[in-house]
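Asks: Below you will find the structure I want to go over with you.
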Amino acid sequence: MDHKQARLRIAALAAEIREHDHRYYVLDQPTIADAAYDKLLRELGELEAAHPDLRTPDSPTQRVAGGLRKGFQKVRHLKPMLSLDSLMSEAEVREFDARVRKGLGLDEGLFAGDVAYVAEPKYDGLSLELVYEDGVFVRASTRGNGETGEDVTANVRTIRAVPLRLRDDGPAGAAKGTMAVRGEALMPLPEFEALNKRLIAAEQEPFASARNSAAGTVRQLDPAITASRRLDLYAYDIMHADSHPMPTQWAMLEALRGWGFHVESSAQRCTTLDQAVAFHAALGEKRDRLPYEIDGIVLKVDDRTAQQRLGMRSRSPRWAVAFKFPPREEFTQVQDIVVQVGRTGKLTPVAQLRPVDVSGVTVSRATLHNQDELDRKDVRIGDWVRVRRAGDVIPEVVEVLIDRRPRGTSRFELPAKCPVCGAKVEREGAAHRCTNGLAGPAQLERHLAHFVSRGAMDITGLGDRTVQQLIEKKLVEDLADLYHLTPIDLVSLEGFAEKSIDNLLAAIEASKRPRLDRFLFALGIEHVGDTVARLLAEHFGGLAGLVETSEEQLQEIRGIGPEVAASVAHFFGSARNRKVLDRLAKAGVRPQVDARPKGPRPLEGEIMVFTGGLETMPRPDAQRLAERAGAKIAGGISRKVTLVVAGPGAGSKLDDAQRLGIAVIDEATFLARTKGVQ
Ligand code: IVH
């Protein structure tokens with residue numbers, strides 16, 4: 001293909017992909033199957049690679065993340081980013097309306113009348129300025145102090161709902177010159193919950209709210225991380241446009257929608273204040289069912305000339321206010337503070353609260369994170385505290401009501417000895433940790449349960465009750481003891497007959513050749529979830545190198561941050577842990593770099609989702625079978641998924657799959673296709 005043909009083809013491909021992105025991410029009405037979409041994107045990428053001069057910054061291929069950044073540049077906003085006054089009650093909103101009418105001369109006399117407002121949800125995310133030059137996205141920055149913010153362009157580029165080039169369904173010619181759009185980056189709640197689950201599984205600190213996680217994701221130094229978490233963005237304001245005066249706020253929203261932005265469809269033009277108040281009540285009702293967090297509504301005078309006449313106070317306009325929802329907060333008393341010991345020996349203080357209803361959900365516990373957090377908030381047993389349901393998931397102690405503190409309380413300190421095993425507790429950074437590492441009884445029960453679980457060493461037949469008994473009877477005192485169990489040991493366990501003894505011993509034997517990444521994951525090293533385990537396994541290819549590396553060397557590995565590096569180095573630096581690893585090796589446990597099961601892999605390359613019931617086996621077993629057949633299991637439906645197994649009762653996942661044109665099979669077909677897989 002010559003240069004000219006390539007140029008034409010690239011333009012056509014880019015336009016087509018843009019259209020599909022818009023349909024998928026903004027309209028939520030995709031019209032192309034995954035594979036076909038990927039093919040378009042691949043063709044575009046290949047053409048651009050062959051003709052690098054034809055690759056433009058607004059090409060759909062440029063959403064992919066670039067390299068790691070050291071920090072963010074400061075940028076000055078085109079126009080100051082204002083904030084809004086917050087009102088809590090209808091009475092205050094009526095006063096606001098009275099001020100507006102007075103300011104516009106509509107309060108009495110001949111021209112007395114209502115003011116039209118636009119009512120929009122008040123998104124609880126991170127406010128951004130997006131700058132476009134002649135319709136092409138060039139820069140995004142955070143609000144910062146309102147005048148200057150941080151340049152987060154590379155990260156915002158990865159948000160699919162941000163058009164990299166404006167569509168031309170907006171007002172004709174209006175996108176010419178420089179334009180600044182304001183919008184809110186949000187993390188959809190399902191994505192937020194999944195992210196927190198992943199963080200907790202890797203023993204990392206979860207985000208306290210969807211808002212925090214959106215902010216943390218936009219301000220990531222590694223755009224690859226931003227890209228991997230699916231953020232959304234809703235636009236609500238054109239802060240500056242060289243070439244197009246908008247007569248009303250409503251017209252502005254329409255223009256934004258036409259240019260391809262996500263604009264909330266529930267936004268409403270209200271011709272009376274009563275309508276606006278009703279909108280607030282109705283949205284408040286719907287609040288818990290929305291896919292993202294909102295904390296109120298924003299009311300804006302619709303007419304832009306009227307807006308200008310009303311003007312501003314120092315930082316907020318006189319023509320708009322936030323009418324907030326009641327906070328998801330309550331007061332209650334701390335009945336106790338208990339200390340939990342995690343799998344990796346980390347001590348976490350947890351406040352036990354007198355149960356309290358916080359807008360419909362009973363809250364009875366709240367994590368206090370660590371000693372620093374305890375010190376900062378100075379939470380004591382007996383204190384009255386303000387608690388908040390943050391982002392709907394993890395209840396949080398916001399503050400102590402010092403005035404109501406009972407007499408005779410004292411500061412809470414994490415214990416010097418582990419509450420589970422009595423071993424010494426040491427401080428490591430912000431965390432307190434039981435020093436009884438891999439070998440000790442303290443965390444052994446949880447540790448062992450994790451070690452044998454699916455995704456780790458995958459030893460079937462070793463349920464929680466068995467793990468408990470093995471420890472109680474002192475048959476297992478460290479992980480390596482597992483490999484020295486004999487039939488005689490097992491006979492003494494409740495519920496073990498000859499057959500189950502054989503099965504268990506066979507399963508233990510079969511686990512001696514784990515994949516290295518699963519083995520690393522199984523060790524329960526703090527911050528090492530399955531993703532980090534895979535990175536380490538790929539990088540080192542064996543245990544030997546890993547055991548000897550330093551924290552600094554670990555940090556140089558892409559994707560490994562300082563916390564992970566410290567934790568891994570600390571783990572392998574511990575003499576006690578190395579002794580357990582030695583004993584595991586002597587018992588014949590040999591992690592393999594790529595120990596894929598042999599035999600046919602008929603589902604190689606498929607990315608699968610199971611939905612609905614199965615008749616012949618439990619779902620985890622079916623998933624394992626699929627994995628042995630070469631498939632990867634995905635958590636939910638996305639463009640990446642290639643095959644769905646649907647059974648009775650399948651719901652929205654099946655609908656989504658069909659909408660995306662993903663192949664769907666039933667259980668019988670699945671069994672037929674995996675026949676002969678070992
Ligand atoms: S308009 C001059 N509209 O609320 C008007 N703001 O302090 C400026 N927000 O930081 C803002 N949803 O991040 C507007 N529909 C909406 C909004 C909204 C959320 C945020 C915005 C701002 C804060 C108000």
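Chain lettering (A, B, ...) mirrors the order of the structure tokens, residue numbering begins at 1 for each chain separately, and ligand numbering begins at 1 in order of display.
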Which polymer residues have any atom within 9 Å of an atom of region 328-335 of chain A, counting only C-alpha atoms, with same-chain residues fewer than 6 positions away left out, as a PyMOL selection string?
Replies: chain A and resi 351-359+365+379-390+392+398+401
Asks: Using only C-alpha atoms, which residues sit within 12 Å of Lys4 (chain A) once same-chain residues fewer than 5 positions away are excluded, as a list in words?
Replies: Arg9, Ile10, Ala11, Leu47, His51, Asp53 and Leu54 of chain A
Asks: Around ligand 1, out to 9 Å and counting only C-alpha atoms and all ligand atoms, which residues are there? I want them as a ChimeraX atom specification.
Replies: /A:81-86,119-128,143,146,182-185,234-237,239,264,267,294-300,315-322
Asks: Just list the residues in region 155-221 of chain A DSSP gives alpha helix (DSSP H) on the backbone, as a VMD selection string.
Replies: chain A and resid 155 to 156 189 to 201 210 to 218
Asks: Please identify which residues in region 189-364 of chain A DSSP calls strand (DSSP E or B) from the backbone, and express them as a JSON list (two decimals) with N, CA and C atoms, in the first residue's frame.
Replies:
```json
[["chain", "number", "residue", "atom", "x", "y", "z"],
["A", 232, "ASP", "N", -14.97, 6.31, 34.02],
["A", 232, "ASP", "CA", -15.93, 6.92, 33.13],
["A", 232, "ASP", "C", -15.79, 8.44, 33.31],
["A", 233, "LEU", "N", -16.35, 9.21, 32.42],
["A", 233, "LEU", "CA", -16.31, 10.65, 32.59],
["A", 233, "LEU", "C", -17.60, 11.28, 32.08],
["A", 234, "TYR", "N", -18.20, 12.10, 32.92],
["A", 234, "TYR", "CA", -19.39, 12.84, 32.53],
["A", 234, "TYR", "C", -19.03, 14.31, 32.37],
["A", 235, "ALA", "N", -19.45, 14.89, 31.25],
["A", 235, "ALA", "CA", -19.15, 16.30, 30.99],
["A", 235, "ALA", "C", -20.36, 17.14, 31.38],
["A", 236, "TYR", "N", -20.10, 18.37, 31.93],
["A", 236, "TYR", "CA", -21.23, 19.22, 32.29],
["A", 236, "TYR", "C", -21.02, 20.70, 32.05],
["A", 237, "ASP", "N", -19.87, 21.08, 31.53],
["A", 237, "ASP", "CA", -19.66, 22.52, 31.38],
["A", 237, "ASP", "C", -18.67, 22.80, 30.26],
["A", 238, "ILE", "N", -18.93, 23.85, 29.48],
["A", 238, "ILE", "CA", -17.91, 24.34, 28.55],
["A", 238, "ILE", "C", -17.37, 25.61, 29.20],
["A", 239, "MET", "N", -16.16, 25.51, 29.71],
["A", 239, "MET", "CA", -15.63, 26.64, 30.48],
["A", 239, "MET", "C", -15.13, 27.74, 29.56],
["A", 240, "HIS", "N", -14.71, 27.31, 28.37],
["A", 240, "HIS", "CA", -14.20, 28.29, 27.43],
["A", 240, "HIS", "C", -14.38, 27.76, 26.02],
["A", 241, "ALA", "N", -14.82, 28.62, 25.09],
["A", 241, "ALA", "CA", -14.86, 28.22, 23.69],
["A", 241, "ALA", "C", -14.56, 29.47, 22.88],
["A", 248, "THR", "N", -27.79, 28.90, 26.32],
["A", 248, "THR", "CA", -28.29, 28.35, 27.58],
["A", 248, "THR", "C", -27.41, 27.19, 28.05],
["A", 262, "HIS", "N", -20.11, 11.83, 27.36],
["A", 262, "HIS", "CA", -21.15, 11.25, 28.18],
["A", 262, "HIS", "C", -21.83, 12.41, 28.90],
["A", 268, "GLN", "N", -32.29, 17.65, 33.81],
["A", 268, "GLN", "CA", -33.64, 18.11, 33.48],
["A", 268, "GLN", "C", -33.70, 19.63, 33.45],
["A", 269, "ARG", "N", -34.45, 20.15, 32.48],
["A", 269, "ARG", "CA", -34.67, 21.59, 32.45],
["A", 269, "ARG", "C", -35.94, 21.84, 33.25],
["A", 270, "CYS", "N", -35.82, 22.66, 34.30],
["A", 270, "CYS", "CA", -36.96, 22.90, 35.19],
["A", 270, "CYS", "C", -37.44, 24.33, 35.00],
["A", 294, "ILE", "N", -23.35, 9.75, 43.49],
["A", 294, "ILE", "CA", -23.65, 11.17, 43.40],
["A", 294, "ILE", "C", -23.93, 11.65, 44.82],
["A", 295, "ASP", "N", -23.69, 12.94, 45.09],
["A", 295, "ASP", "CA", -23.93, 13.38, 46.46],
["A", 295, "ASP", "C", -24.93, 14.53, 46.53],
["A", 296, "GLY", "N", -25.66, 14.74, 45.44],
["A", 296, "GLY", "CA", -26.68, 15.78, 45.45],
["A", 296, "GLY", "C", -27.04, 16.14, 44.02],
["A", 297, "ILE", "N", -27.66, 17.29, 43.87],
["A", 297, "ILE", "CA", -27.90, 17.79, 42.51],
["A", 297, "ILE", "C", -27.23, 19.16, 42.39],
["A", 298, "VAL", "N", -27.01, 19.59, 41.15],
["A", 298, "VAL", "CA", -26.52, 20.94, 40.92],
["A", 298, "VAL", "C", -27.62, 21.68, 40.18],
["A", 299, "LEU", "N", -27.94, 22.85, 40.67],
["A", 299, "LEU", "CA", -28.94, 23.69, 40.02],
["A", 299, "LEU", "C", -28.23, 24.86, 39.36],
["A", 300, "LYS", "N", -28.52, 25.05, 38.07],
["A", 300, "LYS", "CA", -27.86, 26.15, 37.35],
["A", 300, "LYS", "C", -28.92, 26.98, 36.65],
["A", 301, "VAL", "N", -28.81, 28.29, 36.75],
["A", 301, "VAL", "CA", -29.71, 29.15, 35.98],
["A", 301, "VAL", "C", -29.48, 28.81, 34.51],
["A", 303, "ASP", "N", -30.36, 30.32, 31.57],
["A", 303, "ASP", "CA", -30.03, 31.37, 30.62],
["A", 303, "ASP", "C", -28.63, 31.92, 30.88],
["A", 312, "MET", "N", -20.34, 36.45, 39.93],
["A", 312, "MET", "CA", -19.73, 35.50, 40.85],
["A", 312, "MET", "C", -19.41, 36.14, 42.19],
["A", 317, "PRO", "N", -20.02, 30.77, 41.55],
["A", 317, "PRO", "CA", -20.98, 31.60, 40.82],
["A", 317, "PRO", "C", -22.22, 31.90, 41.66],
["A", 320, "ALA", "N", -25.45, 29.34, 40.41],
["A", 320, "ALA", "CA", -25.52, 27.88, 40.55],
["A", 320, "ALA", "C", -25.26, 27.49, 42.00],
["A", 321, "VAL", "N", -25.90, 26.42, 42.44],
["A", 321, "VAL", "CA", -25.62, 25.87, 43.78],
["A", 321, "VAL", "C", -25.69, 24.34, 43.73],
["A", 322, "ALA", "N", -25.04, 23.75, 44.73],
["A", 322, "ALA", "CA", -25.21, 22.31, 44.93],
["A", 322, "ALA", "C", -26.27, 22.12, 46.00],
["A", 323, "PHE", "N", -27.24, 21.28, 45.73],
["A", 323, "PHE", "CA", -28.28, 20.94, 46.70],
["A", 323, "PHE", "C", -27.99, 19.49, 47.08],
["A", 324, "LYS", "N", -27.35, 19.35, 48.24],
["A", 324, "LYS", "CA", -26.79, 18.04, 48.58],
["A", 324, "LYS", "C", -27.85, 17.09, 49.14],
["A", 329, "GLU", "N", -24.13, 9.46, 57.09],
["A", 329, "GLU", "CA", -23.34, 9.48, 58.31],
["A", 329, "GLU", "C", -24.24, 9.33, 59.52],
["A", 330, "GLU", "N", -23.70, 8.79, 60.58],
["A", 330, "GLU", "CA", -24.45, 8.67, 61.82],
["A", 330, "GLU", "C", -23.48, 8.75, 62.98],
["A", 331, "PHE", "N", -24.04, 8.85, 64.18],
["A", 331, "PHE", "CA", -23.20, 8.82, 65.38],
["A", 331, "PHE", "C", -23.43, 7.52, 66.11],
["A", 332, "THR", "N", -22.39, 6.98, 66.68],
["A", 332, "THR", "CA", -22.54, 5.78, 67.48],
["A", 332, "THR", "C", -21.34, 5.65, 68.42],
["A", 333, "GLN", "N", -21.39, 4.59, 69.24],
["A", 333, "GLN", "CA", -20.36, 4.45, 70.26],
["A", 333, "GLN", "C", -19.45, 3.26, 69.96],
["A", 334, "VAL", "N", -18.17, 3.44, 70.27],
["A", 334, "VAL", "CA", -17.21, 2.35, 70.10],
["A", 334, "VAL", "C", -17.32, 1.45, 71.33],
["A", 335, "GLN", "N", -17.77, 0.21, 71.12],
["A", 335, "GLN", "CA", -17.92, -0.68, 72.27],
["A", 335, "GLN", "C", -16.62, -1.40, 72.59],
["A", 336, "ASP", "N", -15.83, -1.60, 71.57],
["A", 336, "ASP", "CA", -14.57, -2.31, 71.80],
["A", 336, "ASP", "C", -13.66, -2.05, 70.60],
["A", 337, "ILE", "N", -12.39, -2.28, 70.79],
["A", 337, "ILE", "CA", -11.47, -2.27, 69.64],
["A", 337, "ILE", "C", -10.78, -3.62, 69.66],
["A", 338, "VAL", "N", -10.98, -4.40, 68.62],
["A", 338, "VAL", "CA", -10.33, -5.71, 68.59],
["A", 338, "VAL", "C", -9.19, -5.68, 67.58],
["A", 339, "VAL", "N", -8.23, -6.58, 67.80],
["A", 339, "VAL", "CA", -7.08, -6.61, 66.90],
["A", 339, "VAL", "C", -7.14, -7.90, 66.09],
["A", 340, "GLN", "N", -7.22, -7.75, 64.78],
["A", 340, "GLN", "CA", -7.23, -8.94, 63.93],
["A", 340, "GLN", "C", -5.84, -9.19, 63.38],
["A", 341, "VAL", "N", -5.51, -10.48, 63.23],
["A", 341, "VAL", "CA", -4.20, -10.82, 62.67],
["A", 341, "VAL", "C", -4.43, -11.43, 61.30],
["A", 346, "LYS", "N", -0.13, -9.35, 59.71],
["A", 346, "LYS", "CA", -0.36, -7.92, 59.95],
["A", 346, "LYS", "C", -1.49, -7.73, 60.96],
["A", 347, "LEU", "N", -1.27, -6.83, 61.91],
["A", 347, "LEU", "CA", -2.28, -6.55, 62.93],
["A", 347, "LEU", "C", -3.16, -5.38, 62.49],
["A", 348, "THR", "N", -4.47, -5.57, 62.52],
["A", 348, "THR", "CA", -5.38, -4.49, 62.14],
["A", 348, "THR", "C", -6.36, -4.22, 63.27],
["A", 349, "PRO", "N", -6.38, -2.98, 63.78],
["A", 349, "PRO", "CA", -7.37, -2.65, 64.80],
["A", 349, "PRO", "C", -8.74, -2.42, 64.15],
["A", 350, "VAL", "N", -9.77, -2.99, 64.75],
["A", 350, "VAL", "CA", -11.13, -2.85, 64.20],
["A", 350, "VAL", "C", -12.06, -2.36, 65.30],
["A", 351, "ALA", "N", -12.76, -1.27, 65.04],
["A", 351, "ALA", "CA", -13.70, -0.76, 66.04],
["A", 351, "ALA", "C", -14.99, -1.55, 65.97],
["A", 352, "GLN", "N", -15.45, -2.05, 67.11],
["A", 352, "GLN", "CA", -16.75, -2.72, 67.20],
["A", 352, "GLN", "C", -17.72, -1.65, 67.66],
["A", 353, "LEU", "N", -18.72, -1.38, 66.82],
["A", 353, "LEU", "CA", -19.60, -0.25, 67.10],
["A", 353, "LEU", "C", -20.95, -0.72, 67.61],
["A", 354, "ARG", "N", -21.58, 0.12, 68.39],
["A", 354, "ARG", "CA", -22.98, -0.15, 68.71],
["A", 354, "ARG", "C", -23.72, -0.03, 67.37],
["A", 355, "PRO", "N", -24.42, -1.10, 66.94],
["A", 355, "PRO", "CA", -24.98, -1.10, 65.59],
["A", 355, "PRO", "C", -25.85, 0.13, 65.33],
["A", 356, "VAL", "N", -25.69, 0.71, 64.17],
["A", 356, "VAL", "CA", -26.42, 1.93, 63.87],
["A", 356, "VAL", "C", -26.84, 1.88, 62.40],
["A", 357, "ASP", "N", -28.02, 2.40, 62.13],
["A", 357, "ASP", "CA", -28.51, 2.41, 60.76],
["A", 357, "ASP", "C", -28.00, 3.66, 60.05],
["A", 358, "VAL", "N", -27.20, 3.48, 59.02],
["A", 358, "VAL", "CA", -26.71, 4.63, 58.26],
["A", 358, "VAL", "C", -27.39, 4.59, 56.90],
["A", 361, "VAL", "N", -28.41, 0.96, 55.95],
["A", 361, "VAL", "CA", -27.50, -0.17, 56.12],
["A", 361, "VAL", "C", -27.01, -0.18, 57.57],
["A", 362, "THR", "N", -27.03, -1.35, 58.20],
["A", 362, "THR", "CA", -26.57, -1.43, 59.58],
["A", 362, "THR", "C", -25.06, -1.51, 59.61],
["A", 363, "VAL", "N", -24.47, -0.60, 60.35],
["A", 363, "VAL", "CA", -23.02, -0.57, 60.46],
["A", 363, "VAL", "C", -22.65, -0.97, 61.89],
["A", 364, "SER", "N", -21.80, -1.99, 62.04],
["A", 364, "SER", "CA", -21.43, -2.40, 63.39],
["A", 364, "SER", "C", -19.92, -2.52, 63.58]]
```
Asks: For a test of reading the model, state the distance in Å between CA of Glu150 (chain A) and CA of Leu87 (chain A), rounded to one decimal.
Replies: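 Distance reported for this atom pair: 28.8 Å.
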Asks: What gap, in Å, lies between CA of Phe207 (chain A) and CA of Glu193 (chain A)?
Replies: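 Between CA of Phe207 (chain A) and CA of Glu193 (chain A) the gap works out to 9.4 Å.
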Asks: Just want the 9 Å neighbourhood of Ile557 (chain A), counted on only C-alpha atoms, with same-chain residues fewer than 5 positions away dropped. Output as a PDB file with N, CA, C and O atoms, in the first residue's frame.
Replies:
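To be explicit, this is the file written out as out.pdb:
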```
ATOM      1  N   LEU A 535       4.208 -11.721  37.644  1.00  0.00           N
ATOM      2  CA  LEU A 535       5.317 -10.854  37.231  1.00  0.00           C
ATOM      3  C   LEU A 535       6.650 -11.386  37.747  1.00  0.00           C
ATOM      4  O   LEU A 535       7.636 -11.461  37.016  1.00  0.00           O
ATOM      5  N   LEU A 536       6.649 -11.759  39.026  1.00  0.00           N
ATOM      6  CA  LEU A 536       7.895 -12.245  39.639  1.00  0.00           C
ATOM      7  C   LEU A 536       8.332 -13.546  38.966  1.00  0.00           C
ATOM      8  O   LEU A 536       9.510 -13.738  38.665  1.00  0.00           O
ATOM      9  N   HIS A 539       9.742 -12.864  35.592  1.00  0.00           N
ATOM     10  CA  HIS A 539      11.029 -12.182  35.631  1.00  0.00           C
ATOM     11  C   HIS A 539      12.162 -13.107  36.076  1.00  0.00           C
ATOM     12  O   HIS A 539      13.238 -13.088  35.513  1.00  0.00           O
TER      13      HIS A 539
END
```
Asks: Given the choices A:Leu368, A:Leu78, A:Leu490, A:Leu448, which gets closest to Leu414 (chain A) if the distance is worked out from only C-alpha atoms?
Replies: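 Answer, going by the shortest atom-to-atom distance: A:Leu368.
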Asks: Give me, please, the distance in Å between CA of Leu470 (chain A) and CA of Thr435 (chain A), quoted to one decimal.
Replies: 22.2 Å
Asks: For Gly630 (chain A), please output as a list of chain:residue names all residues within 6 Å (counting only C-alpha atoms; exclusion window: fewer than 4 positions along the same chain).
Replies: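 Returned residues: A:Arg601, A:Leu603, A:Glu604.
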Asks: Next, write the just-selected residues to a file, as a PDB file, in the first residue's frame, keeping N, CA and C atoms as the atom set.
Replies:
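What ended up in again.pdb:
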```pdb
ATOM      1  N   ARG A 601      -5.539 -29.221  24.665  1.00  0.00           N
ATOM      2  CA  ARG A 601      -6.004 -27.938  25.209  1.00  0.00           C
ATOM      3  C   ARG A 601      -6.970 -27.313  24.203  1.00  0.00           C
ATOM      4  N   LEU A 603      -9.463 -25.486  24.438  1.00  0.00           N
ATOM      5  CA  LEU A 603      -9.995 -24.125  24.621  1.00  0.00           C
ATOM      6  C   LEU A 603      -8.868 -23.105  24.706  1.00  0.00           C
ATOM      7  N   GLU A 604      -7.701 -23.491  24.229  1.00  0.00           N
ATOM      8  CA  GLU A 604      -6.546 -22.593  24.239  1.00  0.00           C
ATOM      9  C   GLU A 604      -6.938 -21.234  23.653  1.00  0.00           C
TER      10      GLU A 604
END
```
Asks: Considering only C-alpha atoms, return as number ranges by chain whatever protein or nucleic-acid residues lie within 9 Å of Ala161 (chain A), sequence-local ones (same chain, fewer than 2 positions apart) excluded.
Replies: A: 21-22, 25-26, 158-159, 163, 231-234, 260-262
Asks: Write out as a list of chain:residue names the residues lying within 10 Å of Lys473 (chain A), counting only C-alpha atoms and excluding same-chain residues fewer than 4 positions away.
Replies: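 These residues fall inside the cut-off: A:Gln468, A:Gln469, A:Glu477, A:Asp489, A:Ser492, A:Leu493.
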Asks: Considering only C-alpha atoms, can you say which of A:Ala449, A:Ala180, A:Ala35, A:Leu110 comes closest to Glu129 (chain A)?
Replies: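 Closest candidate: A:Ala180.
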Asks: Give me the region 480-558 of chain A side of the contact with region 568-590 of chain A, cut-off 6 Å, one line per residue showing its nearest atom pair and distance in Å at one decimal, counting only C-alpha atoms, sorted by chain and residue number, as a tab-separated table.
Replies:
```
residue	atom	partner	partner_atom	distance
A:Ala480	CA	A:Leu584	CA	4.8
A:Lys512	CA	A:Val589	CA	4.4
A:Arg513	CA	A:Arg590	CA	5.3
A:Val547	CA	A:Phe572	CA	5.4
A:Glu551	CA	A:Ala569	CA	5.3
```
Asks: Selection from above, N, CA, C and O atoms, as a PDB file, in the first residue's frame, can you write it?
Replies:
```
ATOM      1  N   ALA A 480       5.656 -27.126  55.351  1.00  0.00           N
ATOM      2  CA  ALA A 480       6.348 -28.299  54.814  1.00  0.00           C
ATOM      3  C   ALA A 480       5.842 -29.596  55.441  1.00  0.00           C
ATOM      4  O   ALA A 480       5.901 -30.663  54.824  1.00  0.00           O
ATOM      5  N   LYS A 512       3.051 -31.240  44.118  1.00  0.00           N
ATOM      6  CA  LYS A 512       4.487 -30.991  44.268  1.00  0.00           C
ATOM      7  C   LYS A 512       5.127 -30.305  43.064  1.00  0.00           C
ATOM      8  O   LYS A 512       6.299 -29.949  43.118  1.00  0.00           O
ATOM      9  N   ARG A 513       4.391 -30.176  41.982  1.00  0.00           N
ATOM     10  CA  ARG A 513       4.953 -29.487  40.811  1.00  0.00           C
ATOM     11  C   ARG A 513       4.090 -28.266  40.477  1.00  0.00           C
ATOM     12  O   ARG A 513       3.501 -28.190  39.404  1.00  0.00           O
ATOM     13  N   VAL A 547      15.073 -15.459  45.575  1.00  0.00           N
ATOM     14  CA  VAL A 547      15.426 -15.493  46.986  1.00  0.00           C
ATOM     15  C   VAL A 547      16.618 -14.576  47.266  1.00  0.00           C
ATOM     16  O   VAL A 547      16.717 -13.984  48.329  1.00  0.00           O
ATOM     17  N   GLU A 551      15.979  -5.567  47.560  1.00  0.00           N
ATOM     18  CA  GLU A 551      14.809  -4.710  47.414  1.00  0.00           C
ATOM     19  C   GLU A 551      14.977  -3.765  46.211  1.00  0.00           C
ATOM     20  O   GLU A 551      14.049  -3.557  45.439  1.00  0.00           O
TER      21      GLU A 551
END
```
Asks: Between A:Ala227, A:Val115, A:Leu186, A:Leu462, which one has atoms that come closest to Ala215 (chain A), using only C-alpha atoms?
Replies: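 For Ala215 (chain A), the nearest of the given residues is A:Leu186.
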Asks: Taking only C-alpha atoms into account, which of A:Ile471, A:Val641, A:Ala622, A:Val564 comes nearest Gln204 (chain A)?
Replies: A:Val564
Asks: Counting only C-alpha atoms, which of A:Ala497, A:Ile662, A:Met457, A:Leu625 gets nearest to Gln678 (chain A)?
Replies: A:Leu625
